[in-house]
file final03.pdb (PDB, C-alpha atoms and all ligand atoms)
ATOM      1  CA  MET A   1     -71.254  -0.996  -6.264  1.00  0.00           C
ATOM      2  CA  SER A   2     -67.994   0.879  -5.978  1.00  0.00           C
ATOM      3  CA  VAL A   3     -66.383   1.810  -2.670  1.00  0.00           C
ATOM      4  CA  GLY A   4     -63.823   4.580  -2.382  1.00  0.00           C
ATOM      5  CA  VAL A   5     -60.744   4.642  -0.181  1.00  0.00           C
ATOM      6  CA  LEU A   6     -59.406   8.116   0.567  1.00  0.00           C
ATOM      7  CA  ALA A   7     -55.836   7.848  -0.731  1.00  0.00           C
ATOM      8  CA  LEU A   8     -54.201  11.110   0.323  1.00  0.00           C
ATOM      9  CA  GLN A   9     -52.029   9.596   3.036  1.00  0.00           C
ATOM     10  CA  GLY A  10     -51.867   6.618   5.394  1.00  0.00           C
ATOM     11  CA  ASP A  11     -52.620   2.911   4.985  1.00  0.00           C
ATOM     12  CA  PHE A  12     -55.157   3.166   2.160  1.00  0.00           C
ATOM     13  CA  ARG A  13     -53.591   0.221   0.263  1.00  0.00           C
ATOM     14  CA  GLU A  14     -54.326  -2.187   3.136  1.00  0.00           C
ATOM     15  CA  HIS A  15     -57.987  -1.118   3.177  1.00  0.00           C
ATOM     16  CA  ALA A  16     -58.250  -1.543  -0.591  1.00  0.00           C
ATOM     17  CA  VAL A  17     -56.938  -5.134  -0.270  1.00  0.00           C
ATOM     18  CA  VAL A  18     -59.490  -6.047   2.416  1.00  0.00           C
ATOM     19  CA  LEU A  19     -62.386  -4.524   0.469  1.00  0.00           C
ATOM     20  CA  ARG A  20     -61.356  -6.265  -2.777  1.00  0.00           C
ATOM     21  CA  ASN A  21     -61.036  -9.581  -0.915  1.00  0.00           C
ATOM     22  CA  LEU A  22     -64.643  -9.086   0.179  1.00  0.00           C
ATOM     23  CA  GLY A  23     -65.678  -8.646  -3.457  1.00  0.00           C
ATOM     24  CA  ALA A  24     -66.035  -4.858  -3.571  1.00  0.00           C
ATOM     25  CA  GLU A  25     -64.948  -2.766  -6.520  1.00  0.00           C
ATOM     26  CA  VAL A  26     -62.517  -0.184  -5.102  1.00  0.00           C
ATOM     27  CA  GLU A  27     -61.650   3.333  -6.277  1.00  0.00           C
ATOM     28  CA  LEU A  28     -58.749   5.248  -4.739  1.00  0.00           C
ATOM     29  CA  ILE A  29     -60.007   8.780  -4.118  1.00  0.00           C
ATOM     30  CA  ARG A  30     -57.742  11.808  -4.513  1.00  0.00           C
ATOM     31  CA  ARG A  31     -59.908  14.330  -6.400  1.00  0.00           C
ATOM     32  CA  PRO A  32     -63.372  15.778  -5.716  1.00  0.00           C
ATOM     33  CA  GLU A  33     -64.815  14.566  -9.038  1.00  0.00           C
ATOM     34  CA  GLU A  34     -63.975  10.962  -8.111  1.00  0.00           C
ATOM     35  CA  LEU A  35     -66.555  11.128  -5.300  1.00  0.00           C
ATOM     36  CA  ALA A  36     -69.323  10.950  -7.914  1.00  0.00           C
ATOM     37  CA  ARG A  37     -68.482   7.284  -8.622  1.00  0.00           C
ATOM     38  CA  ILE A  38     -68.726   5.822  -5.137  1.00  0.00           C
ATOM     39  CA  SER A  39     -71.498   4.639  -2.852  1.00  0.00           C
ATOM     40  CA  GLY A  40     -69.298   4.340   0.257  1.00  0.00           C
ATOM     41  CA  LEU A  41     -65.913   5.567   1.466  1.00  0.00           C
ATOM     42  CA  VAL A  42     -63.192   4.327   3.812  1.00  0.00           C
ATOM     43  CA  ILE A  43     -60.862   6.851   5.440  1.00  0.00           C
ATOM     44  CA  PRO A  44     -57.650   5.072   6.494  1.00  0.00           C
ATOM     45  CA  GLY A  45     -55.300   5.402   9.426  1.00  0.00           C
ATOM     46  CA  GLY A  46     -52.340   7.705   9.125  1.00  0.00           C
ATOM     47  CA  GLU A  47     -51.926  11.170  10.545  1.00  0.00           C
ATOM     48  CA  SER A  48     -55.135  13.172  10.771  1.00  0.00           C
ATOM     49  CA  SER A  49     -53.471  16.598  10.815  1.00  0.00           C
ATOM     50  CA  VAL A  50     -51.628  15.810   7.569  1.00  0.00           C
ATOM     51  CA  MET A  51     -54.705  14.219   6.007  1.00  0.00           C
ATOM     52  CA  ASP A  52     -56.680  17.332   6.904  1.00  0.00           C
ATOM     53  CA  LYS A  53     -54.118  19.639   5.249  1.00  0.00           C
ATOM     54  CA  LEU A  54     -54.009  17.488   2.114  1.00  0.00           C
ATOM     55  CA  ALA A  55     -57.816  17.236   1.941  1.00  0.00           C
ATOM     56  CA  ARG A  56     -58.045  21.012   2.011  1.00  0.00           C
ATOM     57  CA  ALA A  57     -55.170  21.492  -0.458  1.00  0.00           C
ATOM     58  CA  PHE A  58     -56.778  19.029  -2.908  1.00  0.00           C
ATOM     59  CA  GLY A  59     -60.178  20.728  -2.612  1.00  0.00           C
ATOM     60  CA  LEU A  60     -61.655  17.568  -1.100  1.00  0.00           C
ATOM     61  CA  ALA A  61     -62.552  18.718   2.406  1.00  0.00           C
ATOM     62  CA  GLU A  62     -65.762  20.558   1.509  1.00  0.00           C
ATOM     63  CA  PRO A  63     -67.069  17.980  -1.000  1.00  0.00           C
ATOM     64  CA  LEU A  64     -66.376  15.220   1.528  1.00  0.00           C
ATOM     65  CA  ALA A  65     -68.231  17.071   4.272  1.00  0.00           C
ATOM     66  CA  GLY A  66     -71.150  17.596   1.889  1.00  0.00           C
ATOM     67  CA  ALA A  67     -71.182  13.922   0.904  1.00  0.00           C
ATOM     68  CA  VAL A  68     -71.273  12.851   4.577  1.00  0.00           C
ATOM     69  CA  ARG A  69     -74.119  15.302   5.238  1.00  0.00           C
ATOM     70  CA  SER A  70     -76.067  13.879   2.307  1.00  0.00           C
ATOM     71  CA  GLY A  71     -75.734  10.323   3.635  1.00  0.00           C
ATOM     72  CA  LEU A  72     -72.594   8.798   2.077  1.00  0.00           C
ATOM     73  CA  PRO A  73     -71.652   5.766   4.218  1.00  0.00           C
ATOM     74  CA  VAL A  74     -68.137   6.266   5.594  1.00  0.00           C
ATOM     75  CA  TYR A  75     -65.902   4.023   7.709  1.00  0.00           C
ATOM     76  CA  GLY A  76     -62.932   5.707   9.410  1.00  0.00           C
ATOM     77  CA  THR A  77     -60.083   3.878  11.182  1.00  0.00           C
ATOM     78  CA  CYS A  78     -57.879   5.726  13.664  1.00  0.00           C
ATOM     79  CA  ALA A  79     -56.888   8.948  11.844  1.00  0.00           C
ATOM     80  CA  GLY A  80     -59.946   8.315   9.645  1.00  0.00           C
ATOM     81  CA  LEU A  81     -62.150   8.264  12.737  1.00  0.00           C
ATOM     82  CA  ILE A  82     -60.594  11.562  13.838  1.00  0.00           C
ATOM     83  CA  MET A  83     -61.395  13.010  10.393  1.00  0.00           C
ATOM     84  CA  LEU A  84     -65.068  12.108  10.905  1.00  0.00           C
ATOM     85  CA  ALA A  85     -65.379  13.484  14.443  1.00  0.00           C
ATOM     86  CA  ASP A  86     -67.275  16.720  15.032  1.00  0.00           C
ATOM     87  CA  THR A  87     -64.889  17.576  17.883  1.00  0.00           C
ATOM     88  CA  VAL A  88     -61.167  16.832  18.261  1.00  0.00           C
ATOM     89  CA  ILE A  89     -59.465  17.210  21.628  1.00  0.00           C
ATOM     90  CA  ASP A  90     -55.689  17.733  21.363  1.00  0.00           C
ATOM     91  CA  GLY A  91     -55.772  18.465  17.644  1.00  0.00           C
ATOM     92  CA  ILE A  92     -52.812  20.409  16.324  1.00  0.00           C
ATOM     93  CA  GLN A  93     -53.426  24.121  15.966  1.00  0.00           C
ATOM     94  CA  GLY A  94     -55.872  24.873  13.160  1.00  0.00           C
ATOM     95  CA  GLN A  95     -56.735  21.198  12.601  1.00  0.00           C
ATOM     96  CA  GLN A  96     -60.152  20.757  11.010  1.00  0.00           C
ATOM     97  CA  THR A  97     -62.241  17.691  10.303  1.00  0.00           C
ATOM     98  CA  ILE A  98     -64.824  16.607   7.790  1.00  0.00           C
ATOM     99  CA  GLY A  99     -67.141  15.919  10.721  1.00  0.00           C
ATOM    100  CA  GLY A 100     -70.515  14.208  10.729  1.00  0.00           C
ATOM    101  CA  PHE A 101     -69.944  11.885  13.689  1.00  0.00           C
ATOM    102  CA  ASP A 102     -71.511  13.424  16.798  1.00  0.00           C
ATOM    103  CA  ILE A 103     -68.499  12.493  18.962  1.00  0.00           C
ATOM    104  CA  ALA A 104     -65.487  14.069  20.641  1.00  0.00           C
ATOM    105  CA  VAL A 105     -62.238  12.142  20.115  1.00  0.00           C
ATOM    106  CA  ARG A 106     -58.941  12.603  21.894  1.00  0.00           C
ATOM    107  CA  ARG A 107     -55.928  12.217  19.607  1.00  0.00           C
ATOM    108  CA  ASN A 108     -52.978  10.097  20.792  1.00  0.00           C
ATOM    109  CA  ALA A 109     -54.996   9.142  23.869  1.00  0.00           C
ATOM    110  CA  PHE A 110     -52.666   6.277  24.807  1.00  0.00           C
ATOM    111  CA  GLY A 111     -49.449   8.270  24.415  1.00  0.00           C
ATOM    112  CA  SER A 112     -46.639   8.013  21.892  1.00  0.00           C
ATOM    113  CA  GLN A 113     -45.814   5.406  19.237  1.00  0.00           C
ATOM    114  CA  THR A 114     -43.883   3.300  21.778  1.00  0.00           C
ATOM    115  CA  LEU A 115     -47.054   2.947  23.849  1.00  0.00           C
ATOM    116  CA  SER A 116     -48.919   1.342  20.957  1.00  0.00           C
ATOM    117  CA  PHE A 117     -50.501  -1.980  21.944  1.00  0.00           C
ATOM    118  CA  GLU A 118     -52.648  -4.923  20.882  1.00  0.00           C
ATOM    119  CA  THR A 119     -55.584  -6.481  22.693  1.00  0.00           C
ATOM    120  CA  ASP A 120     -58.589  -8.731  22.131  1.00  0.00           C
ATOM    121  CA  LEU A 121     -61.864  -6.843  22.121  1.00  0.00           C
ATOM    122  CA  ASP A 122     -65.459  -7.908  22.493  1.00  0.00           C
ATOM    123  CA  VAL A 123     -67.511  -6.331  19.698  1.00  0.00           C
ATOM    124  CA  PRO A 124     -71.073  -7.601  20.203  1.00  0.00           C
ATOM    125  CA  VAL A 125     -72.306  -6.638  16.697  1.00  0.00           C
ATOM    126  CA  LEU A 126     -69.604  -8.889  15.192  1.00  0.00           C
ATOM    127  CA  GLY A 127     -70.127 -11.841  17.542  1.00  0.00           C
ATOM    128  CA  GLU A 128     -67.427 -14.492  18.056  1.00  0.00           C
ATOM    129  CA  PRO A 129     -64.420 -14.650  18.019  1.00  0.00           C
ATOM    130  CA  LEU A 130     -63.055 -11.561  19.784  1.00  0.00           C
ATOM    131  CA  VAL A 131     -61.510  -8.908  17.553  1.00  0.00           C
ATOM    132  CA  HIS A 132     -57.727  -8.702  17.705  1.00  0.00           C
ATOM    133  CA  ALA A 133     -57.262  -4.918  17.804  1.00  0.00           C
ATOM    134  CA  VAL A 134     -54.041  -3.018  17.109  1.00  0.00           C
ATOM    135  CA  PHE A 135     -53.822   0.500  18.554  1.00  0.00           C
ATOM    136  CA  ILE A 136     -51.153   2.749  16.997  1.00  0.00           C
ATOM    137  CA  ARG A 137     -51.040   6.274  18.485  1.00  0.00           C
ATOM    138  CA  ALA A 138     -54.762   5.733  18.639  1.00  0.00           C
ATOM    139  CA  PRO A 139     -57.567   8.103  19.600  1.00  0.00           C
ATOM    140  CA  VAL A 140     -60.367   7.304  22.032  1.00  0.00           C
ATOM    141  CA  VAL A 141     -63.949   8.448  21.768  1.00  0.00           C
ATOM    142  CA  GLU A 142     -64.396  10.586  24.871  1.00  0.00           C
ATOM    143  CA  SER A 143     -68.053  11.425  24.450  1.00  0.00           C
ATOM    144  CA  VAL A 144     -70.862  10.424  22.135  1.00  0.00           C
ATOM    145  CA  GLY A 145     -74.018  12.278  21.183  1.00  0.00           C
ATOM    146  CA  PRO A 146     -77.523  10.832  21.444  1.00  0.00           C
ATOM    147  CA  ARG A 147     -77.469   9.441  17.877  1.00  0.00           C
ATOM    148  CA  THR A 148     -74.158   7.612  18.303  1.00  0.00           C
ATOM    149  CA  ARG A 149     -73.817   4.028  19.530  1.00  0.00           C
ATOM    150  CA  ALA A 150     -70.680   2.634  21.172  1.00  0.00           C
ATOM    151  CA  LEU A 151     -69.754  -0.712  19.563  1.00  0.00           C
ATOM    152  CA  ALA A 152     -66.731  -1.599  21.699  1.00  0.00           C
ATOM    153  CA  THR A 153     -65.080  -0.444  24.885  1.00  0.00           C
ATOM    154  CA  LEU A 154     -61.781  -1.352  26.538  1.00  0.00           C
ATOM    155  CA  PRO A 155     -61.883  -3.001  29.991  1.00  0.00           C
ATOM    156  CA  ASP A 156     -61.302   0.459  31.526  1.00  0.00           C
ATOM    157  CA  GLY A 157     -64.502   1.694  29.857  1.00  0.00           C
ATOM    158  CA  ARG A 158     -62.926   3.804  27.123  1.00  0.00           C
ATOM    159  CA  CYS A 159     -64.892   3.716  23.877  1.00  0.00           C
ATOM    160  CA  VAL A 160     -62.949   2.619  20.761  1.00  0.00           C
ATOM    161  CA  ALA A 161     -65.595   1.749  18.156  1.00  0.00           C
ATOM    162  CA  VAL A 162     -68.737   3.676  17.223  1.00  0.00           C
ATOM    163  CA  GLU A 163     -71.584   3.791  14.754  1.00  0.00           C
ATOM    164  CA  GLN A 164     -74.078   6.492  13.812  1.00  0.00           C
ATOM    165  CA  GLY A 165     -76.431   5.892  10.915  1.00  0.00           C
ATOM    166  CA  ASN A 166     -74.224   5.356   7.866  1.00  0.00           C
ATOM    167  CA  LEU A 167     -71.020   6.180   9.727  1.00  0.00           C
ATOM    168  CA  LEU A 168     -68.700   3.618  11.329  1.00  0.00           C
ATOM    169  CA  GLY A 169     -65.457   4.260  13.174  1.00  0.00           C
ATOM    170  CA  THR A 170     -62.740   2.332  15.010  1.00  0.00           C
ATOM    171  CA  SER A 171     -59.756   3.660  16.972  1.00  0.00           C
ATOM    172  CA  PHE A 172     -57.815   0.582  15.891  1.00  0.00           C
ATOM    173  CA  HIS A 173     -56.772  -0.991  12.579  1.00  0.00           C
ATOM    174  CA  PRO A 174     -58.669  -4.134  11.433  1.00  0.00           C
ATOM    175  CA  GLU A 175     -57.107  -3.699   7.982  1.00  0.00           C
ATOM    176  CA  ILE A 176     -53.670  -4.800   9.192  1.00  0.00           C
ATOM    177  CA  THR A 177     -54.610  -7.918  11.176  1.00  0.00           C
ATOM    178  CA  GLY A 178     -56.619  -9.973   8.691  1.00  0.00           C
ATOM    179  CA  GLU A 179     -59.815  -8.937  10.493  1.00  0.00           C
ATOM    180  CA  HIS A 180     -62.422  -8.491   7.732  1.00  0.00           C
ATOM    181  CA  ARG A 181     -65.639  -8.331   9.742  1.00  0.00           C
ATOM    182  CA  PHE A 182     -65.708  -4.546  10.228  1.00  0.00           C
ATOM    183  CA  HIS A 183     -65.303  -4.057   6.480  1.00  0.00           C
ATOM    184  CA  ALA A 184     -68.010  -6.657   5.787  1.00  0.00           C
ATOM    185  CA  TYR A 185     -70.282  -4.905   8.295  1.00  0.00           C
ATOM    186  CA  PHE A 186     -69.542  -1.614   6.533  1.00  0.00           C
ATOM    187  CA  LEU A 187     -70.276  -3.081   3.093  1.00  0.00           C
ATOM    188  CA  GLN A 188     -73.697  -4.163   4.411  1.00  0.00           C
ATOM    189  CA  LYS A 189     -74.332  -0.527   5.379  1.00  0.00           C
ATOM    190  CA  VAL A 190     -73.212   0.588   1.922  1.00  0.00           C
ATOM    191  CA  ALA A 191     -75.553  -1.901   0.222  1.00  0.00           C
ATOM    192  CA  ALA A 192     -78.478  -0.928   2.479  1.00  0.00           C
ATOM    193  CA  ALA A 193     -77.919   2.804   1.945  1.00  0.00           C
ATOM    194  CA  GLY A 194     -77.819   2.606  -1.861  1.00  0.00           C
ATOM    195  CA  TYR A 195     -76.175   6.044  -1.897  1.00  0.00           C
ATOM    196  CA  ARG A 196     -76.079   7.942  -5.213  1.00  0.00           C
ATOM    197  CA  ARG A 197     -74.851  11.484  -5.502  1.00  0.00           C
TER     198      ARG A 197
HETATM  199  N1  LIG B   1     -52.312   9.794  16.003  1.00  0.00           N
HETATM  200  C1  LIG B   1     -52.742   9.830  14.637  1.00  0.00           C
HETATM  201  C2  LIG B   1     -53.524  11.090  14.329  1.00  0.00           C
HETATM  202  O1  LIG B   1     -53.728  11.903  15.160  1.00  0.00           O
HETATM  203  C3  LIG B   1     -53.567   8.619  14.248  1.00  0.00           C
HETATM  204  C4  LIG B   1     -52.710   7.386  14.227  1.00  0.00           C
HETATM  205  C5  LIG B   1     -53.212   6.300  13.310  1.00  0.00           C
HETATM  206  O2  LIG B   1     -54.013   6.538  12.392  1.00  0.00           O
HETATM  207  N2  LIG B   1     -52.675   5.121  13.499  1.00  0.00           N
HETATM  208  O3  LIG B   1     -53.976  11.229  13.228  1.00  0.00           O
END

call {"tool": "encode", "arguments": {"input": "final03.pdb", "output": "structure tokens", "more": "lines below"}}
Ligand code: GLN
result
Amino acid sequence: MSVGVLALQGDFREHAVVLRNLGAEVELIRRPEELARISGLVIPGGESSVMDKLARAFGLAEPLAGAVRSGLPVYGTCAGLIMLADTVIDGIQGQQTIGGFDIAVRRNAFGSQTLSFETDLDVPVLGEPLVHAVFIRAPVVESVGPRTRALATLPDGRCVAVEQGNLLGTSFHPEITGEHRFHAYFLQKVAAAGYRR
């Protein structure tokens, strides 16, 4: 089973380390033809508007959207979650997404880089202990469709982790805190889906 990490921009190396530590075979994905080899994909944090431009320039945007539609399991963190959202509030002009997640996200919902923060989050599907979550110019999920399940909310009620079928998304960055449970949870989805193109 090989899992891809979209490696156009952002913290793809950190995701690759976590996935390899969990025993997955990892492929860094930069070209459309590389999608044929993977049964799951992680889209890292970074800057969604730049990732979007690069995905289109590399001819990856359409094939990625098609793969999501055909059931490829995908886990997006922060900018990666934005890339998966059907609707982006406060996107830069012309910003597009791969889509698939029936959610609306608000980019930079907590303000600028200096307002980045860390907190401990209850994520019932992961059990104990609490997840130490790092938010860096993070989005929030402002609304979810009927097929989408909220997995974690901040004390003020804002949703920061979601799941919908084979899709998983977090506003924060487990890959930089030694938190492996989201990736393990995702790898279970990948194994259960048995996706082949
Ligand atoms: N604010 C960034 C964006 O809009 C996301 C930041 C992140 O991935 N840490 O893409």

call {"tool": "closest_atom_pairs", "arguments": {"input": "final03.pdb", "of": "chain A", "to": "ligand LIG 1 (chain B)", "cutoff": "8 Å", "atoms": "all atoms listed in the file", "output": "CSV"}}
result
residue,atom,partner,partner_atom,distance
A:Gly10,CA,B:LIG1,O2,7.3
A:Pro44,CA,B:LIG1,O2,7.1
A:Gly45,CA,B:LIG1,O2,3.4
A:Gly46,CA,B:LIG1,O2,3.9
A:Glu47,CA,B:LIG1,O3,3.4
A:Ser48,CA,B:LIG1,O3,3.3
A:Ser49,CA,B:LIG1,O3,5.9
A:Val50,CA,B:LIG1,O3,7.7
A:Met51,CA,B:LIG1,O3,7.8
A:Thr77,CA,B:LIG1,O2,6.7
A:Cys78,CA,B:LIG1,O2,4.2
A:Ala79,CA,B:LIG1,O2,3.8
A:Gly80,CA,B:LIG1,O2,6.8
A:Ile82,CA,B:LIG1,O3,6.7
A:Gly91,CA,B:LIG1,O1,7.3
A:Arg107,CA,B:LIG1,O1,5.0
A:Asn108,CA,B:LIG1,N1,4.8
A:Phe135,CA,B:LIG1,N2,6.9
A:Ile136,CA,B:LIG1,N2,4.5
A:Arg137,CA,B:LIG1,N1,4.5
A:Ala138,CA,B:LIG1,C4,5.1
A:Pro139,CA,B:LIG1,N1,6.6
A:Ser171,CA,B:LIG1,O2,7.9
A:Phe172,CA,B:LIG1,N2,7.3
A:His173,CA,B:LIG1,N2,7.4

call {"tool": "write_last_selection", "arguments": {"input": "final03.pdb", "atoms": "C-alpha atoms", "output": "compact mmCIF listing (two decimals), in the coordinates of the input"}}
result
# COMPACT_ATOMS: atom_id res chain seq x y z
CA GLY A 10 -51.87 6.62 5.39
CA PRO A 44 -57.65 5.07 6.49
CA GLY A 45 -55.30 5.40 9.43
CA GLY A 46 -52.34 7.70 9.12
CA GLU A 47 -51.93 11.17 10.54
CA SER A 48 -55.14 13.17 10.77
CA SER A 49 -53.47 16.60 10.82
CA VAL A 50 -51.63 15.81 7.57
CA MET A 51 -54.70 14.22 6.01
CA THR A 77 -60.08 3.88 11.18
CA CYS A 78 -57.88 5.73 13.66
CA ALA A 79 -56.89 8.95 11.84
CA GLY A 80 -59.95 8.32 9.64
CA ILE A 82 -60.59 11.56 13.84
CA GLY A 91 -55.77 18.46 17.64
CA ARG A 107 -55.93 12.22 19.61
CA ASN A 108 -52.98 10.10 20.79
CA PHE A 135 -53.82 0.50 18.55
CA ILE A 136 -51.15 2.75 17.00
CA ARG A 137 -51.04 6.27 18.48
CA ALA A 138 -54.76 5.73 18.64
CA PRO A 139 -57.57 8.10 19.60
CA SER A 171 -59.76 3.66 16.97
CA PHE A 172 -57.82 0.58 15.89
CA HIS A 173 -56.77 -0.99 12.58

call {"tool": "residues_around", "arguments": {"input": "final03.pdb", "residues": "Gly99 (chain A)", "least_positions_apart": "6", "cutoff": "12 Å", "atoms": "all atoms listed in the file", "output": "PyMOL selection string"}}
result
chain A and resi 52+61-69+74+76+80-88+105+167

call {"tool": "write_last_selection", "arguments": {"input": "final03.pdb", "atoms": "C-alpha atoms", "output": "short mmCIF file (atom, residue, chain, number, x, y, z; two decimals), keeping the file's coordinate frame"}}
result
data_model
loop_
_atom_site.label_atom_id
_atom_site.label_comp_id
_atom_site.auth_asym_id
_atom_site.auth_seq_id
_atom_site.Cartn_x
_atom_site.Cartn_y
_atom_site.Cartn_z
CA ASP A 52 -56.68 17.33 6.90
CA ALA A 61 -62.55 18.72 2.41
CA GLU A 62 -65.76 20.56 1.51
CA PRO A 63 -67.07 17.98 -1.00
CA LEU A 64 -66.38 15.22 1.53
CA ALA A 65 -68.23 17.07 4.27
CA GLY A 66 -71.15 17.60 1.89
CA ALA A 67 -71.18 13.92 0.90
CA VAL A 68 -71.27 12.85 4.58
CA ARG A 69 -74.12 15.30 5.24
CA VAL A 74 -68.14 6.27 5.59
CA GLY A 76 -62.93 5.71 9.41
CA GLY A 80 -59.95 8.32 9.64
CA LEU A 81 -62.15 8.26 12.74
CA ILE A 82 -60.59 11.56 13.84
CA MET A 83 -61.40 13.01 10.39
CA LEU A 84 -65.07 12.11 10.90
CA ALA A 85 -65.38 13.48 14.44
CA ASP A 86 -67.28 16.72 15.03
CA THR A 87 -64.89 17.58 17.88
CA VAL A 88 -61.17 16.83 18.26
CA VAL A 105 -62.24 12.14 20.11
CA LEU A 167 -71.02 6.18 9.73
#

call {"tool": "residues_around", "arguments": {"input": "final03.pdb", "residues": "region 117-133 of chain A", "least_positions_apart": "6", "cutoff": "12 Å", "atoms": "all atoms listed in the file", "output": "number ranges by chain"}}
result
A: 77-78, 110-111, 149-163, 170-186

call {"tool": "write_last_selection", "arguments": {"input": "final03.pdb", "atoms": "C-alpha atoms", "output": "PDB file, in the coordinates of the input"}}
result
ATOM      1  CA  THR A  77     -60.083   3.878  11.182  1.00  0.00           C
ATOM      2  CA  CYS A  78     -57.879   5.726  13.664  1.00  0.00           C
ATOM      3  CA  PHE A 110     -52.666   6.277  24.807  1.00  0.00           C
ATOM      4  CA  GLY A 111     -49.449   8.270  24.415  1.00  0.00           C
ATOM      5  CA  ARG A 149     -73.817   4.028  19.530  1.00  0.00           C
ATOM      6  CA  ALA A 150     -70.680   2.634  21.172  1.00  0.00           C
ATOM      7  CA  LEU A 151     -69.754  -0.712  19.563  1.00  0.00           C
ATOM      8  CA  ALA A 152     -66.731  -1.599  21.699  1.00  0.00           C
ATOM      9  CA  THR A 153     -65.080  -0.444  24.885  1.00  0.00           C
ATOM     10  CA  LEU A 154     -61.781  -1.352  26.538  1.00  0.00           C
ATOM     11  CA  PRO A 155     -61.883  -3.001  29.991  1.00  0.00           C
ATOM     12  CA  ASP A 156     -61.302   0.459  31.526  1.00  0.00           C
ATOM     13  CA  GLY A 157     -64.502   1.694  29.857  1.00  0.00           C
ATOM     14  CA  ARG A 158     -62.926   3.804  27.123  1.00  0.00           C
ATOM     15  CA  CYS A 159     -64.892   3.716  23.877  1.00  0.00           C
ATOM     16  CA  VAL A 160     -62.949   2.619  20.761  1.00  0.00           C
ATOM     17  CA  ALA A 161     -65.595   1.749  18.156  1.00  0.00           C
ATOM     18  CA  VAL A 162     -68.737   3.676  17.223  1.00  0.00           C
ATOM     19  CA  GLU A 163     -71.584   3.791  14.754  1.00  0.00           C
ATOM     20  CA  THR A 170     -62.740   2.332  15.010  1.00  0.00           C
ATOM     21  CA  SER A 171     -59.756   3.660  16.972  1.00  0.00           C
ATOM     22  CA  PHE A 172     -57.815   0.582  15.891  1.00  0.00           C
ATOM     23  CA  HIS A 173     -56.772  -0.991  12.579  1.00  0.00           C
ATOM     24  CA  PRO A 174     -58.669  -4.134  11.433  1.00  0.00           C
ATOM     25  CA  GLU A 175     -57.107  -3.699   7.982  1.00  0.00           C
ATOM     26  CA  ILE A 176     -53.670  -4.800   9.192  1.00  0.00           C
ATOM     27  CA  THR A 177     -54.610  -7.918  11.176  1.00  0.00           C
ATOM     28  CA  GLY A 178     -56.619  -9.973   8.691  1.00  0.00           C
ATOM     29  CA  GLU A 179     -59.815  -8.937  10.493  1.00  0.00           C
ATOM     30  CA  HIS A 180     -62.422  -8.491   7.732  1.00  0.00           C
ATOM     31  CA  ARG A 181     -65.639  -8.331   9.742  1.00  0.00           C
ATOM     32  CA  PHE A 182     -65.708  -4.546  10.228  1.00  0.00           C
ATOM     33  CA  HIS A 183     -65.303  -4.057   6.480  1.00  0.00           C
ATOM     34  CA  ALA A 184     -68.010  -6.657   5.787  1.00  0.00           C
ATOM     35  CA  TYR A 185     -70.282  -4.905   8.295  1.00  0.00           C
ATOM     36  CA  PHE A 186     -69.542  -1.614   6.533  1.00  0.00           C
TER      37      PHE A 186
END

call {"tool": "atom_distance", "arguments": {"input": "final03.pdb", "atom1": "CA of Asn21 (chain A)", "atom2": "CA of Ile38 (chain A)"}}
result
17.7 Å

call {"tool": "atom_distance", "arguments": {"input": "final03.pdb", "atom1": "CA of Leu60 (chain A)", "atom2": "CA of Gln164 (chain A)"}}
result
22.3 Å

call {"tool": "atom_distance", "arguments": {"input": "final03.pdb", "atom1": "CA of Arg31 (chain A)", "atom2": "CA of Ile103 (chain A)"}}
result
26.8 Å

call {"tool": "closest_residue", "arguments": {"input": "final03.pdb", "among": "A:Val3, A:Leu187, A:Ile92, A:Ile98", "to": "Leu35 (chain A)", "atoms": "all atoms listed in the file"}}
result
A:Val3

call {"tool": "closest_residue", "arguments": {"input": "final03.pdb", "among": "A:Val190, A:Val140, A:Leu8, A:Ala109", "to": "Arg56 (chain A)", "atoms": "only C-alpha atoms"}}
result
A:Leu8

call {"tool": "closest_residue", "arguments": {"input": "final03.pdb", "among": "A:Arg37, A:Arg196, A:Arg30, A:Lys53", "to": "Ala7 (chain A)", "atoms": "all atoms listed in the file"}}
result
A:Arg30

call {"tool": "residues_around", "arguments": {"input": "final03.pdb", "residues": "Ala191 (chain A)", "least_positions_apart": "2", "cutoff": "10 Å", "atoms": "all atoms listed in the file", "output": "MDAnalysis selection string"}}
result
chainID A and resid 1 39:40 73 186:189 193:195

call {"tool": "axis_aligned_box", "arguments": {"input": "final03.pdb", "around": "region 165-184 of chain A", "padding_each_side": "6 Å", "output": "AutoDock Vina command-line options"}}
result
--center_x -65.1 --center_y -1.9 --center_z 11.4 --size_x 34.8 --size_y 28.2 --size_z 23.2

call {"tool": "build_atoms", "arguments": {"input": "final03.pdb", "residues": "region 154-159 of chain A", "atoms": "N, CA and C atoms", "output": "compact mmCIF listing (two decimals), keeping the file's coordinate frame"}}
result
# COMPACT_ATOMS: atom_id res chain seq x y z
N LEU A 154 -62.88 -0.66 25.86
CA LEU A 154 -61.78 -1.35 26.54
C LEU A 154 -62.23 -1.71 27.96
N PRO A 155 -61.50 -2.63 28.62
CA PRO A 155 -61.88 -3.00 29.99
C PRO A 155 -61.98 -1.79 30.93
N ASP A 156 -61.22 -0.73 30.66
CA ASP A 156 -61.30 0.46 31.53
C ASP A 156 -62.48 1.37 31.15
N GLY A 157 -63.29 0.95 30.19
CA GLY A 157 -64.50 1.69 29.86
C GLY A 157 -64.33 2.69 28.73
N ARG A 158 -63.10 2.82 28.21
CA ARG A 158 -62.93 3.80 27.12
C ARG A 158 -63.46 3.25 25.80
N CYS A 159 -64.20 4.13 25.10
CA CYS A 159 -64.89 3.72 23.88
C CYS A 159 -63.94 3.79 22.68
